[in-house]
>>> print(open('target34.pdb').read())   # PDB, C-alpha atoms
MODEL        1
ATOM      1  CA  MET A   1       0.000   0.000   0.000
ATOM      2  CA  LYS A   2       2.859   2.350   0.862
ATOM      3  CA  ASN A   3       4.321   1.722  -2.593
ATOM      4  CA  ILE A   4       1.027   2.652  -4.260
ATOM      5  CA  PHE A   5       0.866   5.924  -2.322
ATOM      6  CA  LEU A   6       4.495   6.644  -3.238
ATOM      7  CA  VAL A   7       3.789   6.098  -6.915
ATOM      8  CA  LEU A   8       0.729   8.361  -6.734
ATOM      9  CA  ILE A   9       2.745  11.110  -5.043
ATOM     10  CA  ILE A  10       5.458  10.864  -7.675
ATOM     11  CA  LEU A  11       2.933  10.949 -10.514
ATOM     12  CA  ILE A  12       1.098  13.910  -9.017
ATOM     13  CA  GLY A  13       4.380  15.740  -8.502
ATOM     14  CA  PHE A  14       5.479  15.013 -12.064
ATOM     15  CA  SER A  15       2.131  16.181 -13.426
ATOM     16  CA  SER A  16       2.411  19.437 -11.478
ATOM     17  CA  CYS A  17       5.985  20.053 -12.659
ATOM     18  CA  LYS A  18       4.980  19.277 -16.232
ATOM     19  CA  GLU A  19       2.136  21.787 -16.078
ATOM     20  CA  GLU A  20       4.523  24.446 -14.758
ATOM     21  CA  LEU A  21       7.094  23.583 -17.426
ATOM     22  CA  ASP A  22       4.471  23.657 -20.189
ATOM     23  CA  CYS A  23       3.344  27.044 -18.913
ATOM     24  CA  CYS A  24       6.886  28.382 -19.000
ATOM     25  CA  LEU A  25       7.431  27.061 -22.496
ATOM     26  CA  GLN A  26       4.321  28.702 -23.920
ATOM     27  CA  PRO A  27       5.258  31.281 -26.587
ATOM     28  CA  PRO A  28       4.788  34.936 -25.629
ATOM     29  CA  GLU A  29       1.817  36.871 -26.891
ATOM     30  CA  SER A  30       1.835  36.691 -30.662
ATOM     31  CA  ARG A  31       2.556  40.065 -32.229
ATOM     32  CA  ASP A  32       3.068  41.344 -35.726
ATOM     33  CA  PHE A  33       6.253  43.258 -34.934
ATOM     34  CA  ARG A  34       6.453  44.697 -38.436
ATOM     35  CA  GLN A  35       2.950  46.108 -38.294
ATOM     36  CA  ASP A  36       3.722  47.479 -34.840
ATOM     37  CA  MET A  37       6.587  49.467 -36.384
ATOM     38  CA  ARG A  38       4.434  50.614 -39.297
ATOM     39  CA  ASN A  39       1.811  51.818 -36.825
ATOM     40  CA  PHE A  40       4.494  53.666 -34.853
ATOM     41  CA  VAL A  41       5.830  55.447 -37.944
ATOM     42  CA  GLN A  42       2.324  56.254 -39.138
ATOM     43  CA  GLY A  43       1.502  57.780 -35.756
ATOM     44  CA  ILE A  44       4.655  59.906 -35.887
ATOM     45  CA  SER A  45       3.723  61.025 -39.391
ATOM     46  CA  SER A  46       0.144  61.908 -38.545
ATOM     47  CA  TYR A  47       1.140  63.877 -35.453
ATOM     48  CA  SER A  48       3.887  65.914 -37.116
ATOM     49  CA  LYS A  49       1.999  66.605 -40.339
ATOM     50  CA  ASN A  50      -0.966  67.844 -38.340
ATOM     51  CA  ILE A  51       1.382  70.546 -37.040
ATOM     52  CA  ASN A  52       3.315  71.088 -40.281
ATOM     53  CA  PRO A  53       1.824  69.478 -43.420
ATOM     54  CA  ASN A  54       5.164  69.859 -45.235
ATOM     55  CA  PHE A  55       7.123  67.967 -42.582
ATOM     56  CA  SER A  56       9.041  65.042 -44.122
ATOM     57  CA  ILE A  57       9.131  61.554 -42.607
ATOM     58  CA  ILE A  58      12.153  59.455 -43.588
ATOM     59  CA  PRO A  59      12.616  56.036 -41.944
ATOM     60  CA  GLN A  60      16.096  54.500 -42.269
ATOM     61  CA  ASN A  61      16.506  50.800 -43.149
ATOM     62  CA  GLY A  62      13.611  48.410 -42.440
ATOM     63  CA  GLN A  63      12.973  48.356 -46.194
ATOM     64  CA  THR A  64      10.736  45.248 -46.053
ATOM     65  CA  LEU A  65       8.015  47.276 -44.295
ATOM     66  CA  VAL A  66       6.888  48.588 -47.685
ATOM     67  CA  VAL A  67       5.222  45.234 -48.393
ATOM     68  CA  ASN A  68       2.851  43.101 -46.333
ATOM     69  CA  ASP A  69       4.634  39.903 -47.274
ATOM     70  CA  GLN A  70       8.410  39.985 -47.545
ATOM     71  CA  ASP A  71       8.311  37.129 -50.027
ATOM     72  CA  ASP A  72       5.740  38.792 -52.288
ATOM     73  CA  ILE A  73       6.980  42.151 -53.537
ATOM     74  CA  SER A  74       3.553  42.954 -55.005
ATOM     75  CA  THR A  75       1.847  43.191 -51.596
ATOM     76  CA  ILE A  76       2.382  46.923 -51.121
ATOM     77  CA  ASN A  77       1.417  48.381 -47.758
ATOM     78  CA  GLN A  78      -0.097  51.609 -48.999
ATOM     79  CA  ASP A  79      -0.874  53.043 -45.561
ATOM     80  CA  TYR A  80       2.816  52.919 -44.672
ATOM     81  CA  LEU A  81       3.916  54.438 -47.964
ATOM     82  CA  ASN A  82       1.320  57.189 -47.606
ATOM     83  CA  ALA A  83       2.834  58.086 -44.229
ATOM     84  CA  ILE A  84       6.420  58.558 -45.405
ATOM     85  CA  ASN A  85       8.150  60.879 -47.870
ATOM     86  CA  GLY A  86      11.465  59.111 -48.208
ATOM     87  CA  MET A  87      13.444  56.085 -47.144
ATOM     88  CA  GLY A  88      17.019  56.051 -45.918
ATOM     89  CA  GLN A  89      19.184  53.029 -46.612
ATOM     90  CA  GLU A  90      22.663  52.226 -45.371
ATOM     91  CA  ASP A  91      25.290  49.992 -47.008
ATOM     92  CA  LEU A  92      23.483  49.407 -50.282
ATOM     93  CA  PHE A  93      26.618  49.301 -52.445
ATOM     94  CA  TYR A  94      29.384  49.616 -49.839
ATOM     95  CA  GLY A  95      29.716  48.768 -46.160
ATOM     96  CA  TYR A  96      27.213  45.951 -45.598
ATOM     97  CA  ASP A  97      29.784  43.576 -44.081
ATOM     98  CA  ASN A  98      32.808  45.843 -43.780
ATOM     99  CA  ASP A  99      33.436  49.523 -44.443
ATOM    100  CA  ASP A 100      35.071  50.319 -47.787
ATOM    101  CA  GLU A 101      34.077  46.883 -49.048
ATOM    102  CA  ALA A 102      31.526  46.279 -51.789
ATOM    103  CA  THR A 103      28.195  44.891 -50.632
ATOM    104  CA  ALA A 104      27.545  41.393 -51.963
ATOM    105  CA  SER A 105      25.326  41.410 -55.048
ATOM    106  CA  SER A 106      22.825  39.093 -53.337
ATOM    107  CA  ASP A 107      22.378  41.519 -50.418
ATOM    108  CA  ASN A 108      22.258  44.499 -52.759
ATOM    109  CA  SER A 109      19.577  42.899 -54.920
ATOM    110  CA  PHE A 110      17.479  41.861 -51.937
ATOM    111  CA  ILE A 111      17.431  45.379 -50.479
ATOM    112  CA  ALA A 112      17.052  47.183 -53.803
ATOM    113  CA  GLN A 113      13.869  45.361 -54.778
ATOM    114  CA  TYR A 114      12.039  47.006 -51.869
ATOM    115  CA  LEU A 115      13.642  50.397 -52.478
ATOM    116  CA  ASP A 116      12.602  50.215 -56.131
ATOM    117  CA  LYS A 117       9.044  49.385 -55.135
ATOM    118  CA  ALA A 118       8.970  52.395 -52.817
ATOM    119  CA  LYS A 119      10.452  54.609 -55.516
ATOM    120  CA  GLU A 120       7.724  53.495 -57.922
ATOM    121  CA  ASN A 121       5.313  54.914 -55.357
ATOM    122  CA  ASN A 122       7.014  58.354 -55.326
ATOM    123  CA  ILE A 123       9.179  57.755 -52.279
ATOM    124  CA  GLN A 124      12.583  59.477 -52.417
ATOM    125  CA  ILE A 125      15.462  57.080 -51.674
ATOM    126  CA  LEU A 126      18.486  58.350 -49.705
ATOM    127  CA  VAL A 127      21.416  55.925 -49.635
ATOM    128  CA  THR A 128      24.425  56.157 -47.329
ATOM    129  CA  ASP A 129      27.344  53.992 -48.429
ATOM    130  CA  TYR A 130      30.360  53.631 -46.149
ATOM    131  CA  CYS A 131      33.523  53.805 -48.231
ATOM    132  CA  SER A 132      36.704  55.874 -48.115
ATOM    133  CA  THR A 133      38.663  54.860 -51.216
ATOM    134  CA  ILE A 134      38.028  57.554 -53.814
ATOM    135  CA  SER A 135      37.362  55.096 -56.636
ATOM    136  CA  LYS A 136      34.758  53.347 -54.479
ATOM    137  CA  MET A 137      33.153  56.617 -53.468
ATOM    138  CA  GLU A 138      32.923  57.544 -57.149
ATOM    139  CA  ASP A 139      31.406  54.146 -57.932
ATOM    140  CA  SER A 140      28.862  54.556 -55.148
ATOM    141  CA  TYR A 141      27.608  57.815 -56.638
ATOM    142  CA  VAL A 142      27.481  56.317 -60.134
ATOM    143  CA  GLN A 143      25.615  53.167 -59.124
ATOM    144  CA  ASN A 144      23.099  54.979 -56.938
ATOM    145  CA  GLY A 145      22.584  57.570 -59.652
ATOM    146  CA  SER A 146      21.845  54.877 -62.214
ATOM    147  CA  LYS A 147      18.959  53.693 -60.037
ATOM    148  CA  GLY A 148      17.657  57.181 -59.392
ATOM    149  CA  TYR A 149      18.693  57.163 -55.730
ATOM    150  CA  ILE A 150      20.174  60.171 -53.936
ATOM    151  CA  SER A 151      23.402  59.130 -52.250
ATOM    152  CA  PHE A 152      26.067  60.109 -49.768
ATOM    153  CA  ALA A 153      29.429  58.337 -49.661
ATOM    154  CA  ALA A 154      30.476  58.544 -46.000
ATOM    155  CA  ASP A 155      34.177  58.007 -45.398
ATOM    156  CA  HIS A 156      33.609  57.734 -41.620
ATOM    157  CA  ARG A 157      31.087  55.266 -40.176
ATOM    158  CA  GLU A 158      30.761  57.637 -37.224
ATOM    159  CA  LEU A 159      29.248  60.288 -39.533
ATOM    160  CA  ASP A 160      31.388  62.901 -37.826
ATOM    161  CA  ASN A 161      32.806  64.845 -40.772
ATOM    162  CA  ILE A 162      32.176  66.555 -44.086
ATOM    163  CA  PRO A 163      34.049  64.329 -46.554
ATOM    164  CA  GLY A 164      36.835  65.942 -48.557
ATOM    165  CA  PHE A 165      35.737  63.981 -51.614
ATOM    166  CA  PRO A 166      34.064  65.052 -53.723
ATOM    167  CA  SER A 167      35.236  68.627 -53.273
ATOM    168  CA  ILE A 168      31.740  69.832 -54.143
ATOM    169  CA  PRO A 169      28.515  67.896 -53.550
ATOM    170  CA  ASN A 170      27.484  65.388 -56.180
ATOM    171  CA  ASN A 171      25.016  67.098 -58.551
ATOM    172  CA  GLU A 172      25.613  70.469 -56.902
ATOM    173  CA  ASN A 173      23.040  73.114 -57.787
ATOM    174  CA  SER A 174      21.771  76.523 -56.679
ATOM    175  CA  SER A 175      18.073  75.640 -56.872
ATOM    176  CA  ASP A 176      15.689  76.332 -54.013
ATOM    177  CA  ILE A 177      14.881  72.942 -52.494
ATOM    178  CA  MET A 178      11.414  73.106 -50.999
ATOM    179  CA  GLN A 179      10.511  69.435 -50.761
ATOM    180  CA  LEU A 180      12.235  66.084 -50.524
ATOM    181  CA  SER A 181      11.486  65.112 -54.117
ATOM    182  CA  GLU A 182      13.697  68.001 -55.320
ATOM    183  CA  VAL A 183      16.808  66.912 -53.409
ATOM    184  CA  LYS A 184      19.818  65.900 -55.545
ATOM    185  CA  ASN A 185      22.399  65.356 -52.804
ATOM    186  CA  PHE A 186      22.681  65.292 -49.018
ATOM    187  CA  LEU A 187      25.103  65.495 -46.104
ATOM    188  CA  TYR A 188      24.752  63.104 -43.161
ATOM    189  CA  ILE A 189      26.661  64.352 -40.096
ATOM    190  CA  ILE A 190      25.219  63.506 -36.688
ATOM    191  CA  SER A 191      28.363  63.330 -34.543
ATOM    192  CA  PRO A 192      30.106  66.729 -34.688
ATOM    193  CA  SER A 193      32.787  65.723 -32.189
ATOM    194  CA  ALA A 194      35.531  67.185 -34.409
ATOM    195  CA  TYR A 195      34.139  70.686 -33.832
ATOM    196  CA  ASN A 196      34.986  72.439 -30.579
ATOM    197  CA  THR A 197      31.931  74.677 -30.594
ATOM    198  CA  LYS A 198      28.429  74.665 -31.951
ATOM    199  CA  THR A 199      29.203  77.853 -33.851
ATOM    200  CA  ALA A 200      32.152  76.223 -35.635
ATOM    201  CA  PHE A 201      29.975  73.271 -36.612
ATOM    202  CA  LEU A 202      27.196  75.464 -37.960
ATOM    203  CA  GLU A 203      29.642  77.598 -39.934
ATOM    204  CA  ALA A 204      31.188  74.506 -41.525
ATOM    205  CA  ILE A 205      27.786  73.411 -42.805
ATOM    206  CA  LYS A 206      26.869  76.895 -44.022
ATOM    207  CA  THR A 207      29.854  76.890 -46.380
ATOM    208  CA  THR A 208      28.494  73.868 -48.272
ATOM    209  CA  ASN A 209      25.954  73.549 -51.075
ATOM    210  CA  TYR A 210      24.224  70.317 -50.077
ATOM    211  CA  ASP A 211      20.501  70.239 -50.848
ATOM    212  CA  LEU A 212      19.710  68.452 -47.603
ATOM    213  CA  VAL A 213      21.587  68.389 -44.323
ATOM    214  CA  LEU A 214      20.878  65.643 -41.810
ATOM    215  CA  ILE A 215      22.040  66.452 -38.261
ATOM    216  CA  ASP A 216      21.182  65.474 -34.708
ATOM    217  CA  TYR A 217      18.771  67.606 -32.696
ATOM    218  CA  PHE A 218      21.553  68.172 -30.170
ATOM    219  CA  PHE A 219      25.093  69.417 -30.669
ATOM    220  CA  ASN A 220      27.436  66.884 -29.032
ATOM    221  CA  GLU A 221      24.475  65.227 -27.298
ATOM    222  CA  GLU A 222      23.743  68.161 -24.990
ATOM    223  CA  GLN A 223      23.169  71.567 -26.586
ATOM    224  CA  GLU A 224      19.901  72.156 -28.385
ATOM    225  CA  TYR A 225      19.829  74.281 -31.527
ATOM    226  CA  SER A 226      17.737  77.416 -31.522
ATOM    227  CA  THR A 227      15.145  78.088 -34.209
ATOM    228  CA  GLU A 228      17.416  80.859 -35.492
ATOM    229  CA  GLU A 229      20.347  78.464 -35.826
ATOM    230  CA  ILE A 230      18.279  75.913 -37.728
ATOM    231  CA  ALA A 231      16.934  78.670 -39.988
ATOM    232  CA  SER A 232      20.506  79.778 -40.748
ATOM    233  CA  LEU A 233      21.343  76.295 -42.032
ATOM    234  CA  LYS A 234      18.512  76.386 -44.575
ATOM    235  CA  VAL A 235      20.502  78.607 -46.932
ATOM    236  CA  LYS A 236      23.214  77.032 -49.083
ATOM    237  CA  ALA A 237      26.486  78.877 -49.598
ATOM    238  CA  ASN A 238      25.335  79.726 -53.142
ATOM    239  CA  GLY A 239      22.105  81.256 -51.852
ATOM    240  CA  GLY A 240      19.684  78.454 -52.673
ATOM    241  CA  ARG A 241      17.354  77.082 -50.029
ATOM    242  CA  ARG A 242      17.874  73.616 -48.601
ATOM    243  CA  LEU A 243      16.169  71.226 -46.206
ATOM    244  CA  VAL A 244      17.421  70.534 -42.685
ATOM    245  CA  ILE A 245      16.368  67.179 -41.237
ATOM    246  CA  SER A 246      16.772  65.921 -37.665
ATOM    247  CA  TYR A 247      17.942  62.440 -36.723
ATOM    248  CA  MET A 248      15.862  60.578 -34.128
ATOM    249  CA  SER A 249      16.189  56.965 -32.997
ATOM    250  CA  ILE A 250      12.848  55.325 -32.225
ATOM    251  CA  GLY A 251      13.869  51.658 -31.910
ATOM    252  CA  GLU A 252      16.362  52.154 -29.098
ATOM    253  CA  ALA A 253      16.627  54.310 -25.985
ATOM    254  CA  GLU A 254      19.920  56.171 -25.605
ATOM    255  CA  ASP A 255      21.325  56.890 -22.157
ATOM    256  CA  TYR A 256      22.723  60.277 -23.208
ATOM    257  CA  ARG A 257      19.378  61.735 -24.295
ATOM    258  CA  TYR A 258      17.470  64.357 -22.306
ATOM    259  CA  TYR A 259      14.657  61.878 -21.539
ATOM    260  CA  TRP A 260      16.960  59.334 -19.866
ATOM    261  CA  ASN A 261      16.359  58.497 -16.191
ATOM    262  CA  SER A 262      19.482  57.262 -14.406
ATOM    263  CA  GLU A 263      17.378  54.799 -12.394
ATOM    264  CA  TRP A 264      16.437  52.864 -15.523
ATOM    265  CA  LYS A 265      19.675  50.863 -15.653
ATOM    266  CA  ASN A 266      18.908  49.227 -12.307
ATOM    267  CA  ASN A 267      15.140  49.487 -12.474
ATOM    268  CA  PRO A 268      14.232  49.489 -16.191
ATOM    269  CA  PRO A 269      10.726  50.456 -17.298
ATOM    270  CA  SER A 270       8.526  47.758 -18.814
ATOM    271  CA  TRP A 271       9.244  48.951 -22.350
ATOM    272  CA  MET A 272      13.022  48.629 -22.053
ATOM    273  CA  SER A 273      14.754  45.506 -23.335
ATOM    274  CA  THR A 274      18.422  44.491 -23.580
ATOM    275  CA  VAL A 275      21.454  46.655 -24.244
ATOM    276  CA  ASN A 276      22.791  46.814 -27.796
ATOM    277  CA  PRO A 277      26.206  45.094 -27.538
ATOM    278  CA  ASP A 278      27.512  47.040 -30.535
ATOM    279  CA  TRP A 279      26.524  50.437 -29.138
ATOM    280  CA  PRO A 280      26.971  50.652 -25.342
ATOM    281  CA  GLY A 281      24.431  52.991 -23.835
ATOM    282  CA  ASN A 282      21.765  52.071 -26.374
ATOM    283  CA  PHE A 283      18.920  49.841 -25.232
ATOM    284  CA  LYS A 284      16.384  47.972 -27.324
ATOM    285  CA  VAL A 285      12.823  49.049 -26.622
ATOM    286  CA  LYS A 286       9.398  47.495 -26.946
ATOM    287  CA  TYR A 287       8.487  50.206 -29.371
ATOM    288  CA  TRP A 288       4.804  49.313 -29.462
ATOM    289  CA  GLU A 289       4.296  50.232 -25.799
ATOM    290  CA  LYS A 290       2.539  53.527 -25.200
ATOM    291  CA  ALA A 291       4.935  54.726 -22.501
ATOM    292  CA  TRP A 292       7.850  54.640 -24.969
ATOM    293  CA  GLN A 293       5.797  56.170 -27.765
ATOM    294  CA  ASP A 294       4.773  59.012 -25.447
ATOM    295  CA  ILE A 295       8.455  59.882 -25.085
ATOM    296  CA  ILE A 296       8.798  60.028 -28.862
ATOM    297  CA  PHE A 297       5.627  61.826 -30.005
ATOM    298  CA  GLY A 298       2.092  62.945 -29.275
ATOM    299  CA  ASN A 299       2.552  65.622 -26.610
ATOM    300  CA  ASP A 300       4.264  68.956 -26.027
ATOM    301  CA  SER A 301       7.173  67.433 -24.098
ATOM    302  CA  SER A 302       7.865  64.712 -26.667
ATOM    303  CA  TYR A 303      11.078  64.382 -28.640
ATOM    304  CA  LEU A 304       9.301  64.929 -31.951
ATOM    305  CA  LYS A 305       7.556  68.093 -30.744
ATOM    306  CA  LYS A 306      10.952  69.562 -29.855
ATOM    307  CA  ILE A 307      12.187  68.806 -33.372
ATOM    308  CA  VAL A 308       9.128  70.327 -35.044
ATOM    309  CA  ASP A 309       9.248  73.431 -32.835
ATOM    310  CA  ALA A 310      12.942  73.961 -33.616
ATOM    311  CA  GLY A 311      12.039  74.450 -37.264
ATOM    312  CA  PHE A 312      13.418  71.283 -38.826
ATOM    313  CA  ASP A 313      11.931  70.316 -42.193
ATOM    314  CA  GLY A 314      11.565  66.679 -41.264
ATOM    315  CA  VAL A 315      12.779  63.763 -39.208
ATOM    316  CA  TYR A 316      15.053  60.839 -40.049
ATOM    317  CA  LEU A 317      13.889  57.817 -38.062
ATOM    318  CA  ASP A 318      16.558  55.300 -37.081
ATOM    319  CA  ILE A 319      16.384  51.687 -35.834
ATOM    320  CA  ILE A 320      13.270  51.102 -37.904
ATOM    321  CA  ASP A 321      14.447  47.511 -38.351
ATOM    322  CA  ALA A 322      14.092  46.837 -34.593
ATOM    323  CA  TYR A 323      11.374  44.325 -35.477
ATOM    324  CA  GLU A 324      14.110  41.942 -36.612
ATOM    325  CA  PHE A 325      15.438  41.782 -33.045
ATOM    326  CA  PHE A 326      12.059  40.791 -31.623
ATOM    327  CA  GLU A 327      11.217  38.379 -34.426
TER
ENDMDL
END
>>> encode(input="target34.pdb", output="structure tokens")
Amino acid sequence: MKNIFLVLIILIGFSSCKEELDCCLQPPESRDFRQDMRNFVQGISSYSKNINPNFSIIPQNGQTLVVNDQDDISTINQDYLNAINGMGQEDLFYGYDNDDEATASSDNSFIAQYLDKAKENNIQILVTDYCSTISKMEDSYVQNGSKGYISFAADHRELDNIPGFPSIPNNENSSDIMQLSEVKNFLYIISPSAYNTKTAFLEAIKTTNYDLVLIDYFFNEEQEYSTEEIASLKVKANGGRRLVISYMSIGEAEDYRYYWNSEWKNNPPSWMSTVNPDWPGNFKVKYWEKAWQDIIFGNDSSYLKKIVDAGFDGVYLDIIDAYEFFE
């Protein structure tokens, strides 16, 4: 009899453990992480364009969001395309695996098919290739130009300088650039660490003739630009008007931003995920959670509202491909 009771106890215990194990192994709530990102971008677009209808929305990378099914290029997501004005893309021809190294044709073709589909729907394509050999920089401009993309050959991955080559911007012009579709070249410089003062940085940009300048909202992560300073950047050296766009990461939280709470590292909010091992100080976020989105847009203290109020012509949204991390 004792043996029977022992067997029953063991079986009951095993059944209980199995139920707990099965519970632990259940998959998390099923989400469409790609649609979550589309919804986020569309919300950013709607909010900013309600304030300034001419405000440009340019997500970087995450090119597969233009279609509903990554394996069927014909399944255009029109709501997403209607919300954006351009798409930024890194490493299309150079830099995908290593800087100053040609991107494999298979990777180039995969990315380009989505960019082409967006371009067919009147989306301006801005490509940043990372290469420093002059012949490769030349080739980057030629290859992007052949596809109708606007390109910038960055000789520093850190995006901390105005490249010495070419000596004048590719397709330089003195036209007044009033909208993204008119842009023929751009400068991407979001880490002005080589400049000792904000004034020196602004003056360096003013001496150029780029149609579009993409900078961070803060100078060296701390000093905000005034509306007057942003307005001063909107005039090219040759007198033509240009666009000034602000960088903003929406797929990661950065511990050097004004919104950062020092307590988060030890007591992270529910929307914060793991640190990005490649960029210390950057943390993956559950970008679909309202508390994170409230930091980014939708209210007077939000990051986006600061950018709009400063007089920028648009916003360049980074870490759009954060859905890949969660998938």
>>> atom_distance(input="target34.pdb", atom1="CA of Pro280 in chain A", atom2="CA of Cys131 in chain A")
24.0 Å
>>> atom_distance(input="target34.pdb", atom1="CA of Asn77 in chain A", atom2="CA of Ser249 in chain A")
22.6 Å
>>> residues_around(input="target34.pdb", residues="range 86-101 of chain A", least_positions_apart="2", cutoff="9 Å", atoms="only C-alpha atoms", output="MDAnalysis selection string")
chainID A and resid 56:63 81 84 103:105 107:109 111:112 115 118:119 122:133 136:137 139:140 143:144 153 155:157 180:181 316:318
>>> resolve_selection(input="target34.pdb", expression="the PyMOL selection byres ((chain A and resi 30-46) around 8)", output="ChimeraX atom specification")
/A:27-29,47-50,57,59,65,79-80,83-84,287-288,293,297-298,304,320,323,326-327
>>> write_last_selection(input="target34.pdb", atoms="C-alpha atoms", output="compact mmCIF listing (two decimals), in the coordinates of the input")
# COMPACT_ATOMS: atom_id res chain seq x y z
CA PRO A 27 5.26 31.28 -26.59
CA PRO A 28 4.79 34.94 -25.63
CA GLU A 29 1.82 36.87 -26.89
CA TYR A 47 1.14 63.88 -35.45
CA SER A 48 3.89 65.91 -37.12
CA LYS A 49 2.00 66.60 -40.34
CA ASN A 50 -0.97 67.84 -38.34
CA ILE A 57 9.13 61.55 -42.61
CA PRO A 59 12.62 56.04 -41.94
CA LEU A 65 8.02 47.28 -44.30
CA ASP A 79 -0.87 53.04 -45.56
CA TYR A 80 2.82 52.92 -44.67
CA ALA A 83 2.83 58.09 -44.23
CA ILE A 84 6.42 58.56 -45.40
CA TYR A 287 8.49 50.21 -29.37
CA TRP A 288 4.80 49.31 -29.46
CA GLN A 293 5.80 56.17 -27.76
CA PHE A 297 5.63 61.83 -30.00
CA GLY A 298 2.09 62.94 -29.28
CA LEU A 304 9.30 64.93 -31.95
CA ILE A 320 13.27 51.10 -37.90
CA TYR A 323 11.37 44.32 -35.48
CA PHE A 326 12.06 40.79 -31.62
CA GLU A 327 11.22 38.38 -34.43
>>> resolve_selection(input="target34.pdb", expression="the PyMOL selection byres ((chain A and resi 189) around 8)", output="VMD selection string")
chain A and resid 159 to 162 187 to 188 190 to 192 213 to 216
>>> closest_residue(input="target34.pdb", among="A:Asp211, A:Ser135, A:Tyr195, A:Phe312", to="Asn171 in chain A", atoms="only C-alpha atoms")
A:Asp211
>>> atom_distance(input="target34.pdb", atom1="CA of Lys286 in chain A", atom2="CA of Asn52 in chain A")
27.8 Å
>>> resolve_selection(input="target34.pdb", expression="the PyMOL selection byres ((chain A and resi 244) around 9)", output="ChimeraX atom specification")
/A:211-215,230-231,233-234,242-243,245-246,311-315
>>> closest_residue(input="target34.pdb", among="A:Leu202, A:Ile307, A:Val275, A:Val142", to="Phe325 in chain A", atoms="all atoms listed in the file")
A:Val275
>>> closest_residue(input="target34.pdb", among="A:Asn267, A:Asp71, A:Trp292, A:Lys284", to="Asp321 in chain A", atoms="all atoms listed in the file")
A:Lys284
>>> build_atoms(input="target34.pdb", residues="range 282-296 of chain A", atoms="N, CA and C atoms", output="PDB file, in the frame of the given file")
ATOM      1  N   ASN A 282      23.000  52.165 -25.604  1.00  0.00           N
ATOM      2  CA  ASN A 282      21.765  52.071 -26.374  1.00  0.00           C
ATOM      3  C   ASN A 282      21.009  50.808 -25.956  1.00  0.00           C
ATOM      4  N   PHE A 283      19.721  50.943 -25.717  1.00  0.00           N
ATOM      5  CA  PHE A 283      18.920  49.841 -25.232  1.00  0.00           C
ATOM      6  C   PHE A 283      17.733  49.582 -26.165  1.00  0.00           C
ATOM      7  N   LYS A 284      17.543  48.334 -26.523  1.00  0.00           N
ATOM      8  CA  LYS A 284      16.384  47.972 -27.324  1.00  0.00           C
ATOM      9  C   LYS A 284      15.119  48.317 -26.551  1.00  0.00           C
ATOM     10  N   VAL A 285      14.087  48.701 -27.274  1.00  0.00           N
ATOM     11  CA  VAL A 285      12.823  49.049 -26.622  1.00  0.00           C
ATOM     12  C   VAL A 285      11.666  48.292 -27.253  1.00  0.00           C
ATOM     13  N   LYS A 286      10.651  48.047 -26.439  1.00  0.00           N
ATOM     14  CA  LYS A 286       9.398  47.495 -26.946  1.00  0.00           C
ATOM     15  C   LYS A 286       8.619  48.686 -27.510  1.00  0.00           C
ATOM     16  N   TYR A 287       8.909  48.956 -28.757  1.00  0.00           N
ATOM     17  CA  TYR A 287       8.487  50.206 -29.371  1.00  0.00           C
ATOM     18  C   TYR A 287       6.979  50.327 -29.537  1.00  0.00           C
ATOM     19  N   TRP A 288       6.259  49.264 -29.331  1.00  0.00           N
ATOM     20  CA  TRP A 288       4.804  49.313 -29.462  1.00  0.00           C
ATOM     21  C   TRP A 288       4.133  49.765 -28.162  1.00  0.00           C
ATOM     22  N   GLU A 289       4.895  49.845 -27.067  1.00  0.00           N
ATOM     23  CA  GLU A 289       4.296  50.232 -25.799  1.00  0.00           C
ATOM     24  C   GLU A 289       4.084  51.746 -25.739  1.00  0.00           C
ATOM     25  N   LYS A 290       2.939  52.123 -25.212  1.00  0.00           N
ATOM     26  CA  LYS A 290       2.539  53.527 -25.200  1.00  0.00           C
ATOM     27  C   LYS A 290       3.506  54.410 -24.416  1.00  0.00           C
ATOM     28  N   ALA A 291       4.053  53.902 -23.327  1.00  0.00           N
ATOM     29  CA  ALA A 291       4.935  54.726 -22.501  1.00  0.00           C
ATOM     30  C   ALA A 291       6.178  55.156 -23.282  1.00  0.00           C
ATOM     31  N   TRP A 292       6.707  54.265 -24.125  1.00  0.00           N
ATOM     32  CA  TRP A 292       7.850  54.640 -24.969  1.00  0.00           C
ATOM     33  C   TRP A 292       7.399  55.592 -26.070  1.00  0.00           C
ATOM     34  N   GLN A 293       6.283  55.305 -26.691  1.00  0.00           N
ATOM     35  CA  GLN A 293       5.797  56.170 -27.765  1.00  0.00           C
ATOM     36  C   GLN A 293       5.485  57.572 -27.259  1.00  0.00           C
ATOM     37  N   ASP A 294       5.046  57.689 -26.019  1.00  0.00           N
ATOM     38  CA  ASP A 294       4.773  59.012 -25.447  1.00  0.00           C
ATOM     39  C   ASP A 294       6.049  59.838 -25.310  1.00  0.00           C
ATOM     40  N   ILE A 295       7.179  59.175 -25.119  1.00  0.00           N
ATOM     41  CA  ILE A 295       8.455  59.882 -25.085  1.00  0.00           C
ATOM     42  C   ILE A 295       8.790  60.433 -26.460  1.00  0.00           C
ATOM     43  N   ILE A 296       8.435  59.677 -27.488  1.00  0.00           N
ATOM     44  CA  ILE A 296       8.798  60.028 -28.862  1.00  0.00           C
ATOM     45  C   ILE A 296       7.860  61.058 -29.483  1.00  0.00           C
TER      46      ILE A 296
END
